[in-house]
$ cat protein.txt   # compact mmCIF, C-alpha atoms and all ligand atoms
# COMPACT_ATOMS: atom_id res chain seq x y z
CA MET A 1 -24.80 11.19 7.30
CA LYS A 2 -23.02 12.47 10.34
CA VAL A 3 -20.20 14.95 9.84
CA PHE A 4 -17.88 15.65 12.76
CA PRO A 5 -15.88 18.89 12.96
CA ASN A 6 -12.31 18.86 14.37
CA TYR A 7 -12.18 15.08 14.46
CA SER A 8 -9.13 13.29 15.84
CA LEU A 9 -7.50 10.86 13.40
CA LEU A 10 -5.14 9.41 16.03
CA HIS A 11 -6.68 5.93 15.86
CA LEU A 12 -7.30 6.05 12.12
CA ASN A 13 -3.68 5.97 10.94
CA THR A 14 -1.23 3.15 11.63
CA PHE A 15 1.64 5.60 12.26
CA GLY A 16 -0.38 6.74 15.29
CA ILE A 17 0.00 10.43 14.47
CA ASP A 18 -2.19 12.75 16.49
CA THR A 19 -3.82 15.05 13.99
CA SER A 20 -7.35 16.30 13.50
CA ALA A 21 -9.51 16.73 10.42
CA LEU A 22 -11.44 19.93 9.80
CA TYR A 23 -14.43 17.64 9.07
CA PHE A 24 -14.78 13.87 9.15
CA SER A 25 -17.42 11.41 8.06
CA GLU A 26 -17.71 7.64 7.50
CA ILE A 27 -19.58 6.55 4.40
CA ASP A 28 -20.70 3.05 3.48
CA THR A 29 -22.57 3.45 0.17
CA GLU A 30 -21.92 4.99 -3.22
CA GLU A 31 -25.10 7.07 -2.80
CA GLY A 32 -23.74 8.32 0.52
CA PHE A 33 -20.63 9.59 -1.24
CA LEU A 34 -22.71 11.27 -3.95
CA GLU A 35 -24.89 12.94 -1.33
CA MET A 36 -21.81 14.20 0.50
CA LEU A 37 -20.28 15.56 -2.69
CA GLU A 38 -23.53 17.48 -3.36
CA GLU A 39 -23.44 19.22 0.06
CA LYS A 40 -22.96 22.96 -0.48
CA LYS A 41 -21.29 23.44 2.91
CA TYR A 42 -18.35 21.19 1.98
CA LYS A 43 -18.18 22.01 -1.72
CA ASP A 44 -15.00 24.06 -1.60
CA ILE A 45 -13.22 22.03 1.04
CA PRO A 46 -10.61 19.60 -0.29
CA LYS A 47 -11.56 15.95 0.21
CA LEU A 48 -9.27 13.22 1.50
CA ILE A 49 -10.39 9.62 1.10
CA LEU A 50 -9.30 7.38 3.94
CA GLY A 51 -9.12 3.59 4.02
CA GLY A 52 -7.28 1.82 6.83
CA GLY A 53 -4.76 4.68 7.16
CA SER A 54 -1.80 2.30 6.73
CA ASN A 55 0.03 4.09 3.95
CA LEU A 56 -0.05 7.73 4.93
CA LEU A 57 1.84 10.15 7.09
CA PHE A 58 0.01 13.18 8.44
CA THR A 59 2.55 15.99 8.78
CA LYS A 60 0.27 18.78 9.99
CA ALA A 61 -1.41 19.17 13.39
CA LYS A 62 -4.64 20.08 11.65
CA LEU A 63 -5.77 18.84 8.25
CA GLU A 64 -7.80 21.36 6.29
CA TYR A 65 -9.77 18.56 4.63
CA LEU A 66 -13.13 16.90 4.71
CA VAL A 67 -11.85 13.41 5.47
CA LEU A 68 -14.17 10.70 4.15
CA LYS A 69 -13.55 7.21 5.46
CA ASN A 70 -14.62 4.70 2.85
CA ASN A 71 -16.46 1.82 4.54
CA ILE A 72 -18.34 0.40 1.52
CA PRO A 73 -18.79 -3.31 2.37
CA GLY A 74 -19.48 -6.47 0.39
CA ILE A 75 -17.76 -9.39 -1.32
CA ARG A 76 -19.64 -11.10 -4.14
CA LYS A 77 -18.96 -13.40 -7.05
CA ILE A 78 -20.15 -11.59 -10.16
CA ARG A 79 -19.40 -14.28 -12.74
CA GLU A 80 -17.29 -17.25 -13.56
CA ASP A 81 -16.03 -19.19 -16.55
CA GLN A 82 -14.22 -22.48 -16.84
CA ASP A 83 -10.97 -21.24 -15.33
CA HIS A 84 -11.77 -18.06 -13.42
CA VAL A 85 -14.06 -16.43 -10.90
CA TYR A 86 -14.65 -12.68 -10.81
CA ILE A 87 -14.90 -11.38 -7.27
CA CYS A 88 -16.08 -7.85 -6.64
CA ALA A 89 -15.27 -6.33 -3.25
CA GLY A 90 -16.43 -3.06 -1.73
CA ALA A 91 -13.63 -0.55 -1.17
CA GLY A 92 -14.19 -0.68 2.58
CA GLU A 93 -13.55 -4.42 2.87
CA ASN A 94 -10.43 -5.22 4.87
CA TRP A 95 -7.83 -6.49 2.38
CA HIS A 96 -6.64 -9.46 4.45
CA GLY A 97 -10.29 -10.41 5.04
CA LEU A 98 -10.74 -10.58 1.26
CA VAL A 99 -7.58 -12.70 0.93
CA GLN A 100 -8.88 -15.10 3.57
CA TYR A 101 -12.26 -15.31 1.81
CA CYS A 102 -10.51 -16.26 -1.44
CA ILE A 103 -8.28 -18.82 0.25
CA ALA A 104 -11.32 -20.38 1.97
CA HIS A 105 -13.09 -20.70 -1.41
CA ASN A 106 -9.93 -21.99 -3.14
CA TYR A 107 -9.77 -18.99 -5.47
CA GLY A 108 -6.10 -18.53 -6.28
CA GLY A 109 -4.03 -15.43 -6.99
CA ILE A 110 -3.83 -13.18 -3.93
CA GLU A 111 -2.63 -15.58 -1.21
CA ASN A 112 0.92 -14.12 -1.45
CA LEU A 113 -0.62 -10.76 -0.55
CA SER A 114 -1.82 -12.04 2.84
CA LEU A 115 -1.65 -9.70 5.82
CA ILE A 116 -1.09 -6.46 3.91
CA PRO A 117 -2.86 -3.95 6.15
CA GLY A 118 -5.58 -1.61 4.93
CA ASN A 119 -8.67 -1.84 2.79
CA THR A 120 -9.42 -3.18 -0.67
CA GLY A 121 -10.15 0.25 -2.17
CA ALA A 122 -6.59 1.42 -1.56
CA GLY A 123 -5.03 -1.66 -3.17
CA PRO A 124 -5.02 -0.23 -6.70
CA MET A 125 -3.67 3.13 -5.50
CA GLN A 126 -0.14 1.76 -5.31
CA ASN A 127 -0.71 -1.65 -6.90
CA ILE A 128 0.05 -3.41 -3.61
CA GLY A 129 2.66 -6.09 -3.85
CA ALA A 130 4.54 -8.68 -1.84
CA TYR A 131 6.34 -11.99 -2.18
CA GLY A 132 6.48 -12.04 -5.97
CA VAL A 133 2.87 -10.97 -6.63
CA GLU A 134 1.21 -7.63 -7.33
CA LEU A 135 -2.45 -6.66 -7.36
CA LYS A 136 -2.22 -6.05 -11.11
CA ASP A 137 -1.71 -9.81 -11.66
CA THR A 138 -5.35 -10.55 -10.71
CA PHE A 139 -6.92 -7.13 -11.17
CA TYR A 140 -9.90 -7.02 -13.55
CA GLU A 141 -11.52 -3.61 -13.08
CA LEU A 142 -12.56 -1.00 -10.52
CA GLU A 143 -15.40 1.45 -10.14
CA ALA A 144 -14.72 4.97 -8.99
CA LEU A 145 -16.61 8.23 -8.49
CA HIS A 146 -15.12 11.40 -9.90
CA ILE A 147 -15.04 13.81 -6.95
CA HIS A 148 -15.64 16.94 -9.00
CA ASP A 149 -17.97 15.70 -11.77
CA LYS A 150 -19.73 13.12 -9.55
CA ARG A 151 -19.54 10.69 -12.45
CA LYS A 152 -19.04 6.96 -12.10
CA ASP A 153 -16.16 5.60 -14.17
CA ILE A 154 -14.86 2.09 -14.71
CA PHE A 155 -11.12 1.51 -15.08
CA ASN A 156 -9.59 -1.66 -16.50
CA ALA A 157 -6.01 -2.70 -15.71
CA GLU A 158 -4.53 -0.82 -18.65
CA GLN A 159 -6.32 2.40 -17.71
CA CYS A 160 -5.01 2.10 -14.14
CA ARG A 161 -1.43 2.24 -15.54
CA PHE A 162 -0.05 0.02 -12.80
CA GLY A 163 3.65 0.03 -12.06
CA TYR A 164 5.81 -0.86 -9.09
CA ARG A 165 3.92 0.79 -6.17
CA GLU A 166 2.30 3.09 -8.76
CA SER A 167 -0.94 3.74 -10.59
CA VAL A 168 -2.64 6.57 -12.43
CA PHE A 169 -4.39 7.42 -9.12
CA LYS A 170 -1.06 8.40 -7.54
CA LYS A 171 -0.04 10.42 -10.60
CA GLU A 172 -2.20 12.17 -13.23
CA LEU A 173 -5.49 11.43 -11.44
CA LYS A 174 -4.22 12.04 -7.92
CA GLY A 175 -6.98 13.19 -5.56
CA GLN A 176 -9.63 13.04 -8.29
CA TYR A 177 -11.43 9.75 -7.62
CA ILE A 178 -13.12 7.76 -4.88
CA ILE A 179 -12.59 4.06 -5.60
CA THR A 180 -15.81 2.31 -4.60
CA SER A 181 -15.21 -1.32 -5.63
CA VAL A 182 -12.50 -3.56 -7.01
CA THR A 183 -13.04 -6.70 -9.11
CA LEU A 184 -10.42 -9.43 -9.25
CA ARG A 185 -10.12 -12.33 -11.67
CA LEU A 186 -9.00 -15.36 -9.69
CA ASP A 187 -7.97 -18.88 -10.67
CA LYS A 188 -10.30 -21.78 -9.99
CA LYS A 189 -7.33 -24.11 -10.47
CA PRO A 190 -4.71 -22.26 -8.45
CA LYS A 191 -1.13 -21.99 -9.65
CA PHE A 192 1.11 -21.73 -6.63
CA ASN A 193 3.72 -19.00 -6.62
CA THR A 194 6.62 -19.94 -4.36
CA ALA A 195 9.39 -18.33 -6.42
CA TYR A 196 10.19 -15.83 -3.66
CA GLY A 197 12.93 -17.70 -1.75
CA ALA A 198 11.69 -17.05 1.77
CA ILE A 199 8.34 -18.73 1.04
CA GLY A 200 9.94 -22.09 0.15
CA GLN A 201 12.10 -21.97 3.27
CA GLU A 202 9.11 -21.15 5.46
CA LEU A 203 7.01 -23.95 3.91
CA ASP A 204 9.85 -26.40 4.68
CA LYS A 205 10.03 -25.11 8.23
CA MET A 206 6.27 -25.60 8.55
CA GLY A 207 6.68 -29.19 7.33
CA ILE A 208 4.28 -28.67 4.41
CA LYS A 209 4.31 -31.66 2.03
CA GLU A 210 1.44 -30.63 -0.24
CA LEU A 211 1.05 -27.06 -1.41
CA SER A 212 -2.26 -25.27 -0.88
CA LEU A 213 -3.42 -21.66 -0.94
CA GLU A 214 -3.86 -21.87 2.81
CA ALA A 215 -0.29 -23.10 3.37
CA ILE A 216 1.16 -20.32 1.22
CA GLY A 217 -0.99 -17.72 2.95
CA LYS A 218 0.18 -18.99 6.34
CA ALA A 219 3.83 -19.03 5.24
CA VAL A 220 3.55 -15.42 4.07
CA CYS A 221 1.92 -14.40 7.37
CA ASN A 222 4.74 -16.10 9.31
CA ILE A 223 7.44 -14.32 7.31
CA ARG A 224 5.72 -10.97 7.61
CA THR A 225 5.15 -11.16 11.36
CA SER A 226 8.80 -12.15 11.89
CA LYS A 227 10.19 -8.97 10.37
CA LEU A 228 7.56 -6.27 10.03
CA PRO A 229 6.47 -4.36 13.14
CA ASP A 230 2.80 -4.71 14.09
CA PRO A 231 1.24 -1.21 13.94
CA ALA A 232 -0.85 -2.10 17.01
CA GLN A 233 2.43 -2.31 18.96
CA ILE A 234 4.56 0.29 17.20
CA GLY A 235 3.32 2.92 14.78
CA ASN A 236 4.49 2.52 11.17
CA ALA A 237 3.26 2.44 7.57
CA GLY A 238 5.31 -0.48 6.21
CA SER A 239 8.14 0.33 3.80
CA PHE A 240 8.63 4.09 3.91
CA PHE A 241 10.63 4.20 0.64
CA LYS A 242 10.47 2.28 -2.61
CA ASN A 243 13.29 0.01 -3.70
CA PRO A 244 15.23 2.04 -6.30
CA GLU A 245 15.83 0.96 -9.87
CA ILE A 246 19.17 1.90 -11.47
CA THR A 247 20.91 1.27 -14.77
CA VAL A 248 23.25 -1.67 -15.06
CA GLN A 249 26.16 0.76 -15.74
CA LYS A 250 25.58 2.57 -12.47
CA PHE A 251 25.15 -0.77 -10.71
CA GLN A 252 28.51 -2.05 -12.00
CA THR A 253 30.26 1.09 -10.79
CA LEU A 254 28.67 0.82 -7.33
CA LEU A 255 29.42 -2.91 -7.14
CA THR A 256 33.16 -2.29 -7.31
CA ARG A 257 32.86 -0.17 -4.17
CA PHE A 258 30.12 -2.24 -2.44
CA PRO A 259 30.54 -5.88 -3.51
CA SER A 260 27.86 -7.19 -1.12
CA MET A 261 25.17 -4.84 -2.41
CA VAL A 262 21.77 -6.66 -2.45
CA ASN A 263 20.39 -6.52 -6.01
CA TYR A 264 17.72 -7.97 -8.29
CA PRO A 265 18.26 -7.86 -12.08
CA LEU A 266 15.09 -6.72 -13.90
CA ALA A 267 13.68 -7.87 -17.24
CA ASN A 268 14.17 -4.35 -18.68
CA GLY A 269 17.94 -4.58 -18.15
CA ASN A 270 17.99 -2.32 -15.09
CA VAL A 271 18.75 -3.46 -11.55
CA LYS A 272 16.60 -3.05 -8.47
CA LEU A 273 18.38 -2.49 -5.17
CA ALA A 274 17.14 -3.22 -1.65
CA ALA A 275 16.55 0.18 -0.07
CA GLY A 276 16.63 -1.51 3.36
CA TRP A 277 20.21 -2.59 2.68
CA LEU A 278 21.25 0.89 1.49
CA ILE A 279 19.73 2.49 4.61
CA GLU A 280 21.34 -0.09 6.89
CA GLN A 281 24.75 0.58 5.28
CA CYS A 282 24.32 4.25 6.16
CA GLY A 283 24.10 3.22 9.80
CA TRP A 284 20.43 4.01 10.36
CA LYS A 285 19.07 0.62 11.38
CA GLY A 286 17.67 0.81 14.91
CA LYS A 287 18.60 4.52 15.22
CA SER A 288 16.20 7.18 16.50
CA ALA A 289 15.87 10.92 16.18
CA GLY A 290 13.63 11.97 19.05
CA ASN A 291 10.36 10.09 18.79
CA ALA A 292 10.95 8.96 15.22
CA GLY A 293 13.03 5.89 14.46
CA VAL A 294 14.31 3.40 11.91
CA HIS A 295 13.08 -0.09 12.79
CA SER A 296 15.71 -2.39 14.30
CA LEU A 297 14.76 -5.44 12.16
CA GLN A 298 13.82 -3.71 8.87
CA ALA A 299 15.61 -0.48 7.99
CA LEU A 300 13.04 0.32 5.29
CA VAL A 301 10.38 0.86 7.95
CA LEU A 302 10.27 4.13 9.87
CA VAL A 303 8.53 3.94 13.24
CA ASN A 304 6.81 6.13 15.78
CA ASN A 305 8.59 5.44 19.08
CA GLY A 306 5.84 7.05 21.08
CA LYS A 307 4.24 10.38 20.53
CA ALA A 308 6.04 11.43 17.37
CA ARG A 309 4.62 14.25 15.31
CA GLY A 310 4.31 13.52 11.61
CA GLU A 311 6.85 16.25 10.95
CA GLU A 312 9.46 14.42 13.04
CA ILE A 313 8.99 11.24 11.01
CA TYR A 314 9.15 13.26 7.80
CA ASN A 315 12.37 15.01 8.92
CA LEU A 316 13.95 11.67 9.75
CA SER A 317 12.95 10.38 6.31
CA GLN A 318 14.72 13.38 4.78
CA GLN A 319 17.89 12.65 6.76
CA VAL A 320 17.79 9.01 5.62
CA LEU A 321 17.22 10.11 2.05
CA ASP A 322 20.14 12.58 2.20
CA SER A 323 22.59 10.06 3.60
CA VAL A 324 21.69 7.40 1.00
CA GLN A 325 22.17 10.00 -1.71
CA GLU A 326 25.50 11.06 -0.27
CA LYS A 327 26.89 7.52 0.13
CA PHE A 328 25.47 5.85 -3.00
CA ASP A 329 24.38 8.74 -5.24
CA ILE A 330 20.87 7.25 -5.28
CA LEU A 331 17.78 9.33 -4.61
CA LEU A 332 15.20 7.23 -2.75
CA GLU A 333 11.53 7.88 -3.38
CA ARG A 334 8.97 7.83 -0.57
CA GLU A 335 6.30 5.15 -0.89
CA VAL A 336 4.12 6.50 1.91
CA ASN A 337 1.61 9.24 0.97
CA ILE A 338 2.60 12.47 2.70
CA ILE A 339 -0.42 14.56 3.68
P1 LIG B 1 -4.81 4.48 3.33
O1 LIG B 1 -3.51 4.55 4.06
O2 LIG B 1 -6.04 4.84 4.06
O3 LIG B 1 -4.71 5.37 2.00
C1 LIG B 1 -3.60 5.30 1.15
C2 LIG B 1 -3.79 6.27 -0.01
O4 LIG B 1 -4.88 5.86 -0.82
C3 LIG B 1 -4.15 7.68 0.45
O5 LIG B 1 -3.61 8.58 -0.49
C4 LIG B 1 -5.68 7.71 0.38
O6 LIG B 1 -6.19 9.01 0.18
C5 LIG B 1 -5.94 6.81 -0.81
N1 LIG B 1 -7.18 6.03 -0.73
C6 LIG B 1 -7.50 5.10 0.19
N2 LIG B 1 -8.68 4.52 -0.11
C7 LIG B 1 -9.12 5.11 -1.24
C8 LIG B 1 -10.30 4.96 -2.03
N3 LIG B 1 -11.24 4.07 -1.74
N4 LIG B 1 -10.44 5.77 -3.11
C9 LIG B 1 -9.50 6.68 -3.44
N5 LIG B 1 -8.38 6.87 -2.72
C10 LIG B 1 -8.18 6.09 -1.64
N6 LIG B 1 1.96 -2.23 0.93
C11 LIG B 1 2.34 -3.10 -0.05
O7 LIG B 1 2.10 -2.82 -1.23
N7 LIG B 1 2.95 -4.27 0.24
C12 LIG B 1 3.23 -4.66 1.50
O8 LIG B 1 3.79 -5.72 1.73
C13 LIG B 1 2.85 -3.78 2.57
N8 LIG B 1 3.14 -4.09 3.85
C14 LIG B 1 2.77 -3.25 4.85
C15 LIG B 1 3.08 -3.61 6.17
C16 LIG B 1 2.72 -2.78 7.22
C17 LIG B 1 3.03 -3.19 8.64
C18 LIG B 1 2.02 -1.56 6.95
C19 LIG B 1 1.60 -0.68 8.10
C20 LIG B 1 1.74 -1.19 5.65
C21 LIG B 1 2.13 -2.02 4.59
N9 LIG B 1 1.87 -1.70 3.25
C22 LIG B 1 2.20 -2.56 2.24
C23 LIG B 1 1.23 -0.39 2.91
C24 LIG B 1 -0.31 -0.43 2.98
O9 LIG B 1 -0.76 -1.52 3.72
C25 LIG B 1 -0.96 -0.49 1.60
O10 LIG B 1 -0.54 0.59 0.83
C26 LIG B 1 -2.49 -0.47 1.68
O11 LIG B 1 -3.04 -0.71 0.40
C27 LIG B 1 -3.04 0.85 2.22
O12 LIG B 1 -4.42 0.66 2.45
P2 LIG B 1 -5.25 1.65 3.37
O13 LIG B 1 -6.68 1.29 3.24
O14 LIG B 1 -4.69 1.64 4.75
O15 LIG B 1 -4.96 3.03 2.67
N1 LIG B 2 17.70 -5.71 3.84
C1 LIG B 2 18.81 -5.34 4.60
N2 LIG B 2 18.59 -4.62 5.73
C2 LIG B 2 17.35 -4.30 6.16
C3 LIG B 2 16.23 -4.67 5.40
C4 LIG B 2 16.44 -5.39 4.23
O1 LIG B 2 19.96 -5.61 4.25
O2 LIG B 2 17.24 -3.67 7.21
C5 LIG B 2 17.95 -6.49 2.62
C6 LIG B 2 18.01 -7.99 2.89
O3 LIG B 2 19.10 -8.54 2.19
C7 LIG B 2 16.77 -8.56 2.26
C8 LIG B 2 16.44 -7.53 1.20
O4 LIG B 2 16.91 -6.28 1.70
O5 LIG B 2 16.98 -9.81 1.73
C9 LIG B 2 14.95 -7.40 0.93
O6 LIG B 2 14.25 -7.27 2.16
P1 LIG B 2 12.76 -7.80 2.33
O7 LIG B 2 12.62 -9.19 1.79
O8 LIG B 2 12.35 -7.57 3.74
O9 LIG B 2 11.93 -6.89 1.36
P2 LIG B 2 11.96 -5.33 1.10
O10 LIG B 2 12.56 -5.09 -0.23
O11 LIG B 2 12.54 -4.61 2.25
C10 LIG B 2 9.68 -5.35 -0.14
C11 LIG B 2 8.45 -4.51 -0.15
C12 LIG B 2 7.53 -4.92 0.99
C13 LIG B 2 7.13 -6.37 0.78
C14 LIG B 2 8.40 -7.23 0.76
C15 LIG B 2 8.11 -8.67 0.41
C16 LIG B 2 8.98 -2.38 -1.13
C17 LIG B 2 9.24 -0.94 -0.92
N3 LIG B 2 8.79 -3.11 -0.04
O12 LIG B 2 10.38 -5.04 1.05
O13 LIG B 2 6.35 -4.10 0.93
O14 LIG B 2 6.27 -6.82 1.80
O15 LIG B 2 9.32 -6.74 -0.23
O16 LIG B 2 7.77 -8.77 -0.93
O17 LIG B 2 8.93 -2.82 -2.27
C18 LIG B 2 5.42 -2.05 1.69
O18 LIG B 2 5.34 -1.73 0.49
O19 LIG B 2 5.00 -1.32 2.60
C19 LIG B 2 6.03 -3.34 2.03
C20 LIG B 2 6.20 -3.75 3.28
$ encode --input "protein.txt" --output "structure tokens" --more "lines below"
Ligand code: FAD
Ligand code: EPU
Amino acid sequence: MKVFPNYSLLHLNTFGIDTSALYFSEIDTEEGFLEMLEEKKYKDIPKLILGGGSNLLFTKAKLEYLVLKNNIPGIRKIREDQDHVYICAGAGENWHGLVQYCIAHNYGGIENLSLIPGNTGAGPMQNIGAYGVELKDTFYELEALHIHDKRKDIFNAEQCRFGYRESVFKKELKGQYIITSVTLRLDKKPKFNTAYGAIGQELDKMGIKELSLEAIGKAVCNIRTSKLPDPAQIGNAGSFFKNPEITVQKFQTLLTRFPSMVNYPLANGNVKLAAGWLIEQCGWKGKSAGNAGVHSLQALVLVNNGKARGEEIYNLSQQVLDSVQEKFDILLEREVNII
């Protein structure tokens, strides 16, 4: 196992932030992780597990971490029954690659999650979601190594405590585990999910007469590429904030002042608002503060206009947060992991 001191992470985070790790190593087996955790030299150094680097913002010029990039490969069918297949993927597998594998084999359930950047192992961290589907809908279980006790644990969906862009790994167990594999339970007779309005419109535009996993996957890719900036062109980490949930009473009060407020009623009686709309109403869309900016097509996405430092992006996020709080009395929560 090669360990590099003072290693640049510039090309390992989609925000394109130039920061360096005290130590860095890439690991592609569970044994490799265990060996690394046994190393006396690195015992007292905090560990940061890295996937595709598409949901973090590095705010310091130097990270006092041993950064371990999880490259564990492999996609295999572990069992099947009449209606389902159980697919286990190594944490280092590219997520969209896994989606394409499932579409190609006609295994249904994750096609709406096409083109989400990053690796499979990070999926459960925030219960990735898009276009009416979340990881939790097909999640079966995951395997993870406890960083301190070096013990292998298995978590089922309930133990992961999934919520909207949330899991136990972002809360109580934050920083404690290395997810090594994820198993999904997929449908052999796919049920197509086109409830999210934009998908139906895109399928019509594509002239699709007969639904298929492939068509839905393609429709989702088309929608995503039309509004989300490609990190290869402009640094970003997708939605920077979560969409806030408020009580119906607060919603009614706000609606009298902002009748066009974009909203989604929830089953629990609360209302979810579109943070992108709130931010746009505060005048931020397309605005920049130095090298940090708010994307011109999607106000929920903060971007690196060039050589932004993580701190600049963070400061802009604070300004956005403050103005939304001032105008709407709503405190946005960051989705991106701040390191
Ligand atoms: P990283 O950014 O490397 O890591 C994210 C967090 O997970 C970090 O805290 C890291 O320490 C931890 N982590 C990573 N791997 C492991 C592991 N194996 N074990 C333990 N901890 C780990 N997200 C959505 O949910 N829906 C979207 O539609 C969506 N769209 C996006 C669009 C764009 C253009 C971009 C850039 C991002 C988008 N995201 C979206 C966010 C991001 O793609 C997901 O959060 C993704 O799951 C992050 O994967 P990653 O491998 O890049 O994780
Ligand atoms: N909107 C605006 N102005 C903007 C952006 C959005 O008014 O600048 C309004 C529009 O009315 C639009 C609505 O907000 O109809 C919702 O926008 P969009 O469909 O683009 O979705 P979103 O709420 O901004 C969420 C997720 C995305 C996910 C999409 C599709 C969060 C935080 N974001 O974005 O996830 O891909 O829905 O399901 O929940 C991510 O998590 O990184 C991410 C990209």
$ atom_distance --input "protein.txt" --atom1 "CA of Gln159 (chain A)" --atom2 "CA of Tyr140 (chain A)"
10.9 Å
$ residues_near_ligand --input "protein.txt" --ligand "ligand LIG 1 (chain B)" --cutoff "7 Å" --atoms "all atoms listed in the file" --output "PyMOL selection string"
chain A and resi 14+48-56+70+91+116-123+125-130+165+177-180+228-231+236-239+337
$ closest_residue --input "protein.txt" --among "A:Thr256, A:Pro124, A:Val248, A:Gln201" --to "Glu158 (chain A)" --atoms "all atoms listed in the file"
A:Pro124
$ residues_near_point --input "protein.txt" --point "(16.2, 9.8, 10.0)" --cutoff "8 Å" --atoms "only C-alpha atoms" --output "PDB file with C-alpha atoms, keeping the file's coordinate frame"
ATOM      1  CA  TRP A 284      20.430   4.010  10.360  1.00  0.00           C
ATOM      2  CA  LYS A 287      18.600   4.520  15.220  1.00  0.00           C
ATOM      3  CA  SER A 288      16.200   7.180  16.500  1.00  0.00           C
ATOM      4  CA  ALA A 289      15.870  10.920  16.180  1.00  0.00           C
ATOM      5  CA  ALA A 292      10.950   8.960  15.220  1.00  0.00           C
ATOM      6  CA  GLY A 293      13.030   5.890  14.460  1.00  0.00           C
ATOM      7  CA  VAL A 294      14.310   3.400  11.910  1.00  0.00           C
ATOM      8  CA  ILE A 313       8.990  11.240  11.010  1.00  0.00           C
ATOM      9  CA  ASN A 315      12.370  15.010   8.920  1.00  0.00           C
ATOM     10  CA  LEU A 316      13.950  11.670   9.750  1.00  0.00           C
ATOM     11  CA  SER A 317      12.950  10.380   6.310  1.00  0.00           C
ATOM     12  CA  GLN A 318      14.720  13.380   4.780  1.00  0.00           C
ATOM     13  CA  GLN A 319      17.890  12.650   6.760  1.00  0.00           C
ATOM     14  CA  VAL A 320      17.790   9.010   5.620  1.00  0.00           C
TER      15      VAL A 320
END
$ residues_near_ligand --input "protein.txt" --ligand "ligand LIG 2 (chain B)" --cutoff "6 Å" --atoms "all atoms listed in the file" --output "list in words"
Ala130, Tyr131, Gly238, Ser239, Phe241, Lys242, Asn243, Val262, Ala274, Gly276, Trp277, Glu280, Leu297, Gln298, Ala299 and Leu300 of chain A
$ closest_residue --input "protein.txt" --among "A:Leu203, A:Ala21, A:Ile110, A:Leu115" --to "Thr138 (chain A)" --atoms "only C-alpha atoms"
A:Ile110
$ closest_residue --input "protein.txt" --among "A:Asn304, A:Gly269, A:Ile147, A:Gln249" --to "Leu37 (chain A)" --atoms "all atoms listed in the file"
A:Ile147
$ atom_distance --input "protein.txt" --atom1 "CA of Ile78 (chain A)" --atom2 "CA of Asp28 (chain A)"
20.0 Å
$ closest_residue --input "protein.txt" --among "A:Leu66, A:Ile27, A:Ala198, A:Val301" --to "Gly235 (chain A)" --atoms "only C-alpha atoms"
A:Val301
$ residues_around --input "protein.txt" --residues "Gly108 (chain A)" --least-positions-apart "2" --cutoff "10 Å" --atoms "only C-alpha atoms" --output "PyMOL selection string"
chain A and resi 84-85+99+102-106+110-112+138+185-193+212-214
$ residues_around --input "protein.txt" --residues "Val67 (chain A)" --least-positions-apart "5" --cutoff "10 Å" --atoms "all atoms listed in the file" --output "list in words"
Val3, Phe4, Tyr7, Leu9, Ser20, Ala21, Leu22, Tyr23, Phe24, Ser25, Glu26, Ile45, Pro46, Lys47, Leu48, Ile49 and Leu50 of chain A
$ closest_residue --input "protein.txt" --among "A:Ile208, A:Val133, A:Ile87, A:Ala61" --to "Asn6 (chain A)" --atoms "only C-alpha atoms"
A:Ala61
$ atom_distance --input "protein.txt" --atom1 "CA of Lys327 (chain A)" --atom2 "CA of Leu273 (chain A)"
14.2 Å
$ axis_aligned_box --input "protein.txt" --around "region 293-307 of chain A" --padding-each-side "4 Å" --output "JSON"
{"center_x": 10.0, "center_y": 2.5, "center_z": 13.2, "size_x": 19.5, "size_y": 23.8, "size_z": 23.8}
$ closest_residue --input "protein.txt" --among "A:Gly97, A:Lys285, A:Gln176, A:Phe58" --to "Asp153 (chain A)" --atoms "all atoms listed in the file"
A:Gln176
$ residues_around --input "protein.txt" --residues "Thr59 (chain A)" --least-positions-apart "6" --cutoff "9 Å" --atoms "all atoms listed in the file" --output "NGL selection string"
:A and (17 or 19 or 309-314 or 338-339)
$ decode --input "protein.txt" --residues "region 247-251 of chain A" --atoms "N, CA, C and O atoms" --output "compact mmCIF listing (two decimals), in the first residue's frame"
# COMPACT_ATOMS: atom_id res chain seq x y z
N THR A 247 -43.80 23.97 8.45
CA THR A 247 -45.17 23.59 8.84
C THR A 247 -46.16 24.27 7.90
O THR A 247 -45.85 25.30 7.27
N VAL A 248 -47.35 23.69 7.84
CA VAL A 248 -48.36 24.25 6.94
C VAL A 248 -48.78 25.66 7.41
O VAL A 248 -49.07 26.54 6.60
N GLN A 249 -48.73 25.89 8.74
CA GLN A 249 -49.08 27.23 9.26
C GLN A 249 -48.09 28.27 8.74
O GLN A 249 -48.48 29.33 8.25
N LYS A 250 -46.82 27.94 8.84
CA LYS A 250 -45.81 28.89 8.38
C LYS A 250 -45.95 29.09 6.87
O LYS A 250 -45.80 30.20 6.34
N PHE A 251 -46.25 27.99 6.17
CA PHE A 251 -46.40 28.06 4.71
C PHE A 251 -47.53 29.02 4.34
O PHE A 251 -47.38 29.88 3.47
